[in-house]
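J.: My structure is stored as target.txt, with compact mmCIF, C-alpha atoms and all ligand atoms.
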```txt
# COMPACT_ATOMS: atom_id res chain seq x y z
CA MET A 138 39.57 7.61 16.20
CA SER A 139 39.02 9.16 12.76
CA ALA A 140 37.20 12.45 12.29
CA GLU A 141 34.35 10.55 10.61
CA ASP A 142 33.95 8.18 13.55
CA ASP A 143 34.07 11.08 15.94
CA TYR A 144 31.37 12.92 14.02
CA ALA A 145 29.14 9.84 13.85
CA ARG A 146 29.63 9.21 17.56
CA ARG A 147 28.56 12.73 18.47
CA VAL A 148 25.44 12.43 16.31
CA ALA A 149 24.67 9.04 17.90
CA ASP A 150 25.13 10.45 21.40
CA GLY A 151 22.85 13.37 20.58
CA LEU A 152 20.12 11.11 19.17
CA THR A 153 20.40 8.68 22.10
CA ARG A 154 20.09 11.57 24.55
CA ALA A 155 16.86 12.69 22.84
CA PHE A 156 15.61 9.09 22.60
CA ASP A 157 16.15 8.47 26.33
CA ASP A 158 14.99 11.89 27.47
CA ARG A 159 12.11 11.61 29.93
CA ALA A 160 10.38 14.47 28.13
CA THR A 161 10.14 12.32 24.97
CA GLU A 162 6.59 11.00 24.95
CA GLU A 163 5.03 8.02 23.24
CA LEU A 164 1.99 7.74 21.06
CA ARG A 165 0.38 4.47 20.04
CA LEU A 166 -1.05 4.09 16.55
CA GLU A 167 -2.58 1.17 14.71
CA VAL A 168 -0.74 0.50 11.45
CA ASP A 169 -3.93 0.60 9.39
CA ASP A 170 -5.47 3.61 11.14
CA ALA A 171 -2.39 5.85 11.21
CA ARG A 172 -2.86 9.00 9.17
CA LEU A 173 0.10 11.27 9.61
CA VAL A 174 2.02 13.67 7.41
CA VAL A 175 5.47 14.90 8.41
CA PHE A 176 6.92 18.14 7.04
CA SER A 177 10.15 19.80 8.07
CA ASP A 178 12.56 22.64 7.48
CA HIS A 179 10.34 25.42 6.27
CA HIS A 180 12.82 28.08 7.43
CA ARG A 181 10.09 30.67 7.40
CA GLY A 182 11.53 34.18 7.45
CA THR A 183 10.22 37.64 6.82
CA ARG A 184 9.40 37.40 3.10
CA ASP A 185 12.62 39.13 2.08
CA GLY A 186 15.36 37.82 -0.24
CA ALA A 187 16.75 35.65 2.54
CA ASP A 188 13.43 33.87 3.18
CA ASP A 189 13.58 30.33 1.78
CA PHE A 190 9.94 29.52 2.50
CA ARG A 191 8.46 32.27 0.34
CA ARG A 192 8.61 30.18 -2.82
CA CYS A 193 7.14 27.15 -1.05
CA GLU A 194 4.26 28.85 0.73
CA ARG A 195 1.78 28.07 -2.03
CA ALA A 196 2.55 24.35 -2.20
CA TYR A 197 2.69 23.97 1.59
CA ASN A 198 -0.57 25.79 2.31
CA ALA A 199 -2.31 23.77 -0.40
CA ALA A 200 -0.95 20.55 1.08
CA LEU A 201 -2.12 21.48 4.59
CA ALA A 202 -5.63 22.26 3.38
CA SER A 203 -5.82 18.84 1.77
CA TYR A 204 -4.42 16.89 4.75
CA LEU A 205 -6.69 18.81 7.10
CA GLU A 206 -9.74 17.78 5.12
CA ARG A 207 -8.58 14.17 4.90
CA GLY A 208 -8.18 13.82 8.67
CA PHE A 209 -4.40 13.58 8.85
CA ARG A 210 -2.35 14.42 11.89
CA LEU A 211 0.41 16.94 11.09
CA ALA A 212 3.97 16.75 12.42
CA VAL A 213 6.09 19.88 11.89
CA LEU A 214 9.53 18.44 12.48
CA GLY A 215 11.64 21.49 13.29
CA ASP A 216 13.22 24.52 11.66
CA ALA A 217 9.72 25.71 10.76
CA GLU A 218 10.84 29.20 11.71
CA GLU A 219 14.22 30.65 10.82
CA LEU A 220 15.13 32.19 14.15
CA TRP A 221 18.88 32.40 13.66
CA GLU A 222 18.21 35.03 11.05
CA CYS A 223 15.00 36.65 12.22
CA ARG A 224 13.11 37.52 15.35
CA PRO A 225 10.10 35.35 16.27
CA GLY A 226 7.57 38.18 16.16
CA GLU A 227 8.40 39.28 12.63
CA VAL A 228 8.42 35.71 11.28
CA LEU A 229 5.07 34.82 12.80
CA GLU A 230 3.55 38.01 11.42
CA SER A 231 4.84 37.18 7.95
CA TYR A 232 2.85 33.96 7.51
CA PRO A 233 -0.56 34.41 9.16
CA ARG A 234 -2.35 32.10 6.71
CA THR A 235 0.13 29.26 7.12
CA LEU A 236 -0.18 29.55 10.90
CA GLU A 237 -3.96 29.55 10.62
CA LEU A 238 -3.80 26.29 8.71
CA GLU A 239 -1.37 24.72 11.19
CA GLY A 240 -3.62 26.15 13.91
CA ALA A 241 -6.60 24.27 12.49
CA PHE A 242 -4.70 21.00 13.03
CA HIS A 243 -3.88 22.16 16.54
CA ALA A 244 -7.52 23.03 17.28
CA ALA A 245 -8.47 19.52 16.17
CA GLY A 246 -5.80 18.00 18.45
CA ARG A 247 -3.82 16.86 15.41
CA LEU A 248 -0.64 18.97 15.48
CA GLU A 249 2.79 17.87 16.75
CA ARG A 250 5.45 20.56 16.76
CA PHE A 251 9.17 19.91 17.19
CA TRP A 252 12.07 22.26 17.53
CA GLY A 253 15.11 22.14 15.29
CA ASN A 254 18.43 23.92 15.52
CA HIS A 255 17.19 27.04 13.72
CA ASP A 256 14.15 27.37 15.96
CA ASP A 257 15.53 25.99 19.20
CA GLU A 258 14.15 29.12 20.82
CA TRP A 259 11.00 26.95 21.18
CA ARG A 260 12.82 24.86 23.77
CA SER A 261 11.93 27.71 26.07
CA ARG A 262 8.38 27.42 27.38
CA ARG A 263 8.41 31.16 27.99
CA SER A 264 9.15 31.91 24.33
CA VAL A 265 6.48 29.44 23.22
CA ALA A 266 3.94 31.02 25.55
CA ARG A 267 4.84 34.52 24.50
CA HIS A 268 5.04 34.07 20.72
CA LEU A 269 3.18 30.90 19.75
CA HIS A 270 0.34 30.68 22.24
CA PRO A 271 -1.47 33.78 20.94
CA ARG A 272 -1.89 31.88 17.65
CA LEU A 273 -1.68 28.28 18.86
CA PRO A 274 -3.14 28.27 22.37
CA GLY A 275 -1.56 25.79 24.75
CA LEU A 276 0.80 24.38 22.10
CA ARG A 277 3.71 22.27 23.32
CA VAL A 278 6.86 22.14 21.22
CA ARG A 279 8.80 18.95 21.71
CA GLU A 280 12.24 17.66 20.81
CA ALA A 281 11.21 14.14 19.87
CA LEU A 282 8.31 11.71 19.80
CA LYS A 283 8.05 7.92 19.76
CA LEU A 284 5.25 6.38 17.72
CA ARG A 285 4.55 2.82 18.79
CA LEU A 286 2.87 1.10 15.88
CA THR A 287 0.53 -1.72 16.67
CA ASP A 288 -1.21 -4.32 14.55
CA GLY A 289 -4.39 -5.49 16.21
CA GLY A 290 -2.99 -4.23 19.52
CA ARG A 291 0.31 -6.12 19.12
CA GLU A 292 3.36 -3.89 18.89
CA VAL A 293 5.09 -4.17 15.51
CA GLY A 294 7.53 -1.29 15.49
CA LEU A 295 8.72 2.04 16.77
CA LEU A 296 9.03 5.25 14.79
CA PHE A 297 11.30 7.87 16.33
CA LEU A 298 10.55 11.39 15.14
CA VAL A 299 13.17 14.07 15.73
CA HIS A 300 14.54 17.03 13.77
CA GLY A 301 17.96 15.42 13.32
CA HIS A 302 20.51 18.11 14.23
CA GLN A 303 21.22 16.40 17.54
CA GLY A 304 24.90 16.02 18.27
CA THR A 305 26.24 18.26 15.53
CA LEU A 306 28.96 20.59 16.61
CA ASP A 307 27.54 23.80 15.24
CA SER A 308 24.02 23.09 16.46
CA GLU A 309 24.60 21.90 19.99
CA ARG A 310 27.91 23.07 21.30
CA PHE A 311 28.26 26.47 19.73
CA SER A 312 24.73 27.35 18.77
CA TRP A 313 25.09 30.86 20.20
CA LEU A 314 28.15 31.38 18.02
CA SER A 315 26.66 30.03 14.78
CA ARG A 316 23.56 32.07 15.43
CA LEU A 317 25.60 35.25 15.64
CA VAL A 318 27.50 34.35 12.48
CA VAL A 319 24.24 33.72 10.63
CA ARG A 320 22.58 36.87 11.87
CA LEU A 321 25.48 39.28 11.42
CA VAL A 322 27.40 37.88 8.46
CA TRP A 323 25.38 35.38 6.47
CA ARG A 324 21.98 36.98 6.36
CA PRO A 325 23.02 40.44 5.13
CA LEU A 326 25.01 38.70 2.40
CA GLN A 327 22.16 36.38 1.46
CA ARG A 328 19.72 39.26 1.41
CA ARG A 329 21.88 41.06 -1.12
CA VAL A 330 22.54 38.01 -3.30
CA GLY A 331 19.09 36.49 -2.85
CA PHE A 332 19.77 32.76 -3.22
CA ALA A 333 18.01 30.05 -1.26
CA SER A 334 20.08 28.26 1.31
CA THR A 335 20.29 27.04 4.86
CA THR A 336 23.03 25.08 6.56
CA PRO A 337 23.79 22.28 6.17
CA SER A 338 21.88 21.84 2.91
CA ARG A 339 24.55 23.76 1.02
CA ASP A 340 27.30 21.35 1.92
CA TRP A 341 26.83 18.09 0.05
CA ALA A 342 29.67 16.30 1.78
CA LEU A 343 28.34 17.19 5.19
CA ARG A 344 24.83 16.15 4.28
CA GLU A 345 26.06 12.82 3.02
CA ARG A 346 28.05 12.28 6.20
CA HIS A 347 25.12 13.35 8.30
CA ASP A 348 22.69 10.98 6.56
CA VAL A 349 25.14 8.12 7.06
CA ALA A 350 25.57 8.97 10.76
CA MET A 351 21.80 9.07 11.36
CA PHE A 352 21.28 5.79 9.53
CA ALA A 353 24.12 4.15 11.48
CA TRP A 354 22.58 5.23 14.79
CA ALA A 355 19.17 3.77 13.91
CA ARG A 356 20.68 0.52 12.62
CA ALA A 357 22.79 0.01 15.75
CA HIS A 358 20.17 0.98 18.33
CA PRO A 359 18.90 -1.99 20.39
CA ALA A 360 15.29 -0.72 20.32
CA ARG A 361 15.30 -1.10 16.49
CA PRO A 362 13.72 2.27 15.83
CA VAL A 363 12.80 3.66 12.45
CA LEU A 364 14.27 7.15 12.52
CA VAL A 365 12.21 9.86 10.82
CA ALA A 366 14.16 13.11 10.58
CA GLY A 367 14.57 16.28 8.57
CA HIS A 368 17.41 18.79 8.85
CA THR A 369 19.47 17.69 5.84
CA HIS A 370 16.92 19.04 3.31
CA ARG A 371 17.35 15.89 1.28
CA PRO A 372 14.66 13.23 1.14
CA VAL A 373 15.74 9.71 2.04
CA PHE A 374 13.37 6.82 1.52
CA ALA A 375 14.11 3.22 2.50
CA SER A 376 16.48 1.54 0.08
CA GLU A 377 16.42 4.29 -2.46
CA ARG A 378 17.00 7.97 -2.34
CA PRO A 379 14.60 9.56 -4.77
CA GLU A 380 16.20 12.06 -7.05
CA PRO A 381 14.84 15.24 -8.54
CA ARG A 382 12.63 14.48 -11.50
CA ILE A 383 14.42 14.16 -14.78
CA ALA A 384 12.04 14.35 -17.71
CA ARG A 385 13.97 11.79 -19.77
CA PRO A 386 17.53 10.53 -20.11
CA ALA A 387 20.13 12.71 -21.83
CA ALA A 388 20.93 9.93 -24.34
CA GLU A 389 17.37 9.99 -25.62
CA VAL A 390 17.41 13.75 -26.09
CA ARG A 391 20.81 13.54 -27.81
CA ALA A 392 19.55 10.91 -30.26
CA GLU A 393 16.57 13.03 -31.14
CA LEU A 394 18.76 16.10 -31.54
CA GLU A 395 20.96 14.29 -34.07
CA ARG A 396 17.93 13.61 -36.24
CA ALA A 397 16.38 17.06 -35.86
CA GLN A 398 16.59 19.40 -38.86
CA ASP A 399 14.71 22.62 -38.28
CA THR A 400 16.03 25.36 -36.03
CA GLU A 401 13.02 25.53 -33.72
CA THR A 402 13.16 21.82 -32.90
CA ARG A 403 16.93 21.85 -32.50
CA ALA A 404 16.75 24.89 -30.22
CA ARG A 405 14.12 23.19 -28.03
CA LEU A 406 16.09 19.93 -27.86
CA ARG A 407 19.40 21.66 -27.12
CA ALA A 408 17.76 23.54 -24.28
CA GLU A 409 16.29 20.32 -22.93
CA LEU A 410 19.65 18.58 -23.19
CA GLU A 411 21.47 21.23 -21.18
CA PHE A 412 18.70 21.14 -18.61
CA VAL A 413 18.93 17.38 -18.18
CA VAL A 414 22.74 17.30 -18.15
CA ALA A 415 22.90 19.96 -15.44
CA GLU A 416 20.24 18.10 -13.47
CA GLU A 417 22.16 14.83 -13.68
CA ARG A 418 25.29 16.55 -12.41
CA ARG A 419 23.45 17.69 -9.29
CA VAL A 420 22.50 14.15 -8.41
CA THR A 421 24.79 12.12 -6.18
CA PRO A 422 24.61 8.33 -6.32
CA PRO A 423 22.15 6.92 -3.79
CA THR A 424 23.39 5.49 -0.52
CA PRO A 425 21.71 2.15 0.19
CA VAL A 426 19.48 2.27 3.26
CA GLU A 427 19.10 -1.36 4.33
CA PRO A 428 17.39 -2.16 6.62
CA PRO A 429 14.93 0.71 6.03
CA CYS A 430 15.47 2.26 9.47
CA TYR A 431 16.00 5.85 8.34
CA PHE A 432 13.66 8.15 6.44
CA ASN A 433 14.10 11.84 5.75
CA THR A 434 11.26 14.21 4.91
CA GLY A 435 13.28 16.48 2.65
CA CYS A 436 12.16 20.05 3.25
CA CYS A 437 9.67 22.84 2.67
CA SER A 438 12.25 25.31 1.39
CA PHE A 439 13.36 23.97 -1.98
CA GLY A 440 14.47 26.74 -4.30
CA ASP A 441 11.96 25.71 -6.98
CA GLY A 442 8.97 26.06 -4.63
CA ASP A 443 8.38 22.34 -4.16
CA VAL A 444 7.86 20.77 -0.76
CA THR A 445 8.40 17.13 0.17
CA GLY A 446 7.04 15.21 3.12
CA LEU A 447 6.39 11.73 4.47
CA GLU A 448 2.90 10.30 4.73
CA LEU A 449 1.80 7.39 6.89
CA ALA A 450 -1.58 6.32 5.55
CA ASP A 451 -3.46 3.27 4.28
CA GLY A 452 -0.86 0.98 5.87
CA GLU A 453 1.90 2.58 3.80
CA ILE A 454 4.76 4.99 4.25
CA ARG A 455 5.08 7.35 1.29
CA LEU A 456 7.35 10.13 0.20
CA VAL A 457 5.30 12.81 -1.51
CA ARG A 458 6.01 16.04 -3.27
CA TRP A 459 3.69 18.99 -3.75
CA PRO A 460 2.81 20.23 -6.36
CA ASP A 461 2.51 17.54 -9.06
CA GLU A 462 4.36 17.37 -12.38
CA ALA A 463 2.02 19.88 -13.97
CA GLY A 464 2.33 22.33 -11.09
CA ARG A 465 -1.18 21.53 -9.83
CA PRO A 466 -1.91 21.54 -6.08
CA GLN A 467 -1.84 17.74 -5.79
CA PRO A 468 0.68 15.33 -4.29
CA VAL A 469 2.95 13.11 -6.35
CA VAL A 470 4.02 9.89 -4.65
CA LEU A 471 7.78 9.70 -5.23
CA ALA A 472 8.22 6.44 -3.32
CA ARG A 473 6.02 4.10 -1.28
CA ALA A 474 6.37 0.98 0.86
CA PRO A 475 4.00 -1.14 2.98
CA LEU A 476 4.53 -0.12 6.60
CA ARG A 477 4.35 -3.70 7.93
CA GLU A 478 7.08 -4.76 5.53
CA VAL A 479 9.34 -1.87 6.55
CA LEU A 480 8.85 -2.61 10.24
CA ALA A 481 9.42 -6.35 9.74
CA ARG A 482 12.68 -5.76 7.87
CA VAL A 483 13.91 -3.40 10.60
CA ALA A 484 12.94 -5.82 13.36
CA ALA A 485 14.63 -8.80 11.68
MN MN B 1 17.99 21.97 10.88
```
Represent the structure from my file as structure tokens, please.
T.:
Amino acid sequence: MSAEDDYARRVADGLTRAFDDRATEELRLEVDDARLVVFSDHHRGTRDGADDFRRCERAYNAALASYLERGFRLAVLGDAEELWECRPGEVLESYPRTLELEGAFHAAGRLERFWGNHDDEWRSRRSVARHLHPRLPGLRVREALKLRLTDGGREVGLLFLVHGHQGTLDSERFSWLSRLVVRLVWRPLQRRVGFASTTPSRDWALRERHDVAMFAWARAHPARPVLVAGHTHRPVFASERPEPRIARPAAEVRAELERAQDTETRARLRAELEFVVAEERRVTPPTPVEPPCYFNTGCCSFGDGDVTGLELADGEIRLVRWPDEAGRPQPVVLARAPLREVLARVAA
């Protein structure tokens, strides 16, 4: 068996274990009534140089306020707190406003919290009771959730929500070891250097492999689930993987630059060209996701302060980013698809 197959098999085993776990509950939702937003991977720290959420706090809090008002249910899909690097108490004290907003969903019975690999401390009911209950009374943190979608009472599909680290070597088998490495080696280094990062988002090859493994599990599973995960920090939406916004193609900027005469214009265009070229280099070609049985939220710890999430609303599934192009506290829909169509294609 090749290393790739072995990796994919471990991920599949991990996801199947979570899928079959008796603790994994089900929720029924009508396709047209469902109003849910899923965010993941905040990696909230202590507001120091190693805290990836700091830059995203503004966009995330704004988004929560809006979804709260519009009656959405909120799913926080794991790695909300960065507990490999920091202690629970200090993290929770660092973001009182964010917790208040999440707490408002909880008070309304509209919050679902999941644990990821970086906050798997919340597997422990004692830790949850000790640290989270003072702010979120009675909260349960789960590993996974099944959403049975119905259309006029008839079941039309199954969404399986889970963080997505299940079955990975570093997260499940040696989590105590990776945690020590992060806490003792990585974090002091990151604090000094100050760049945003969390495993495995730094490793493009691993992320690619991980996306493929999660997709393969969903496609092969007899229950025909639509897997909704986070963990990779890269949004995946149906048959396309949306890419970071590129203002306009490099060729267009180049053509304009050739015609430009004055220094100011040339300087502006040259800057734009370098910007676009570097952006294009970051982008890997999309992996086709057909049937659309795997969606990824992206994350709430992008280095530029953006957050991405998945909305289920108005009979659609949508990938959104906050803030909008102009930096205003509004969502931009990066991709959308009718939910019935997605579920029908997965069931076929
Ligand atoms: Mn993770």
J.: Which residues of chain A have any atom within 6 Å of an atom in ligand MN 1 (chain B) when counting all atoms listed in the file, and what is the closest pair of atoms for each, with the distance in Å to one decimal? Order the rows by chain and rising number and write it as CSV.
T.:
```
residue,atom,partner,partner_atom,distance
A:Asp216,CA,B:MN1,MN,5.5
A:Gly253,CA,B:MN1,MN,5.3
A:Asn254,CA,B:MN1,MN,5.1
A:His255,CA,B:MN1,MN,5.9
A:His302,CA,B:MN1,MN,5.7
A:His368,CA,B:MN1,MN,3.8
```
J.: Got a sec: who's within 6 Å of range 296-299 of chain A, counting only C-alpha atoms, leaving out chain neighbours fewer than 3 positions off, as a VMD selection string?
T.: chain A and resid 281 to 284 362 to 366
J.: Against range 432-450 of chain A, which residues of range 177-267 of chain A fall within 7 Å? For each one I want the closest pair of atoms and the distance in Å (one decimal), counting all atoms listed in the file, rows by chain and increasing residue number, as a Markdown table.
T.:
```
| residue | atom | partner | partner_atom | distance |
| --- | --- | --- | --- | --- |
| A:Ser177 | CA | A:Cys436 | CA | 5.2 |
| A:Asp178 | CA | A:Cys436 | CA | 5.0 |
| A:His179 | CA | A:Cys437 | CA | 4.5 |
| A:His180 | CA | A:Ser438 | CA | 6.7 |
| A:Asp189 | CA | A:Ser438 | CA | 5.2 |
| A:Phe190 | CA | A:Ser438 | CA | 4.9 |
| A:Arg192 | CA | A:Gly442 | CA | 4.5 |
| A:Cys193 | CA | A:Gly442 | CA | 4.2 |
| A:Ala196 | CA | A:Asp443 | CA | 6.5 |
| A:Tyr197 | CA | A:Val444 | CA | 6.5 |
```
J.: To one decimal place, how far is CA of Trp259 in chain A from CA of Ala202 in chain A in Å?
T.: 24.8 Å
J.: Could you give me, as a ChimeraX atom specification, the residues within 10 Å of range 151-168 of chain A, counting all atoms listed in the file and dropping anything in the same chain fewer than 2 positions from it?
T.: /A:145-149,170-172,279-305,309,351,354-355,358,362,364,449-453,475-477
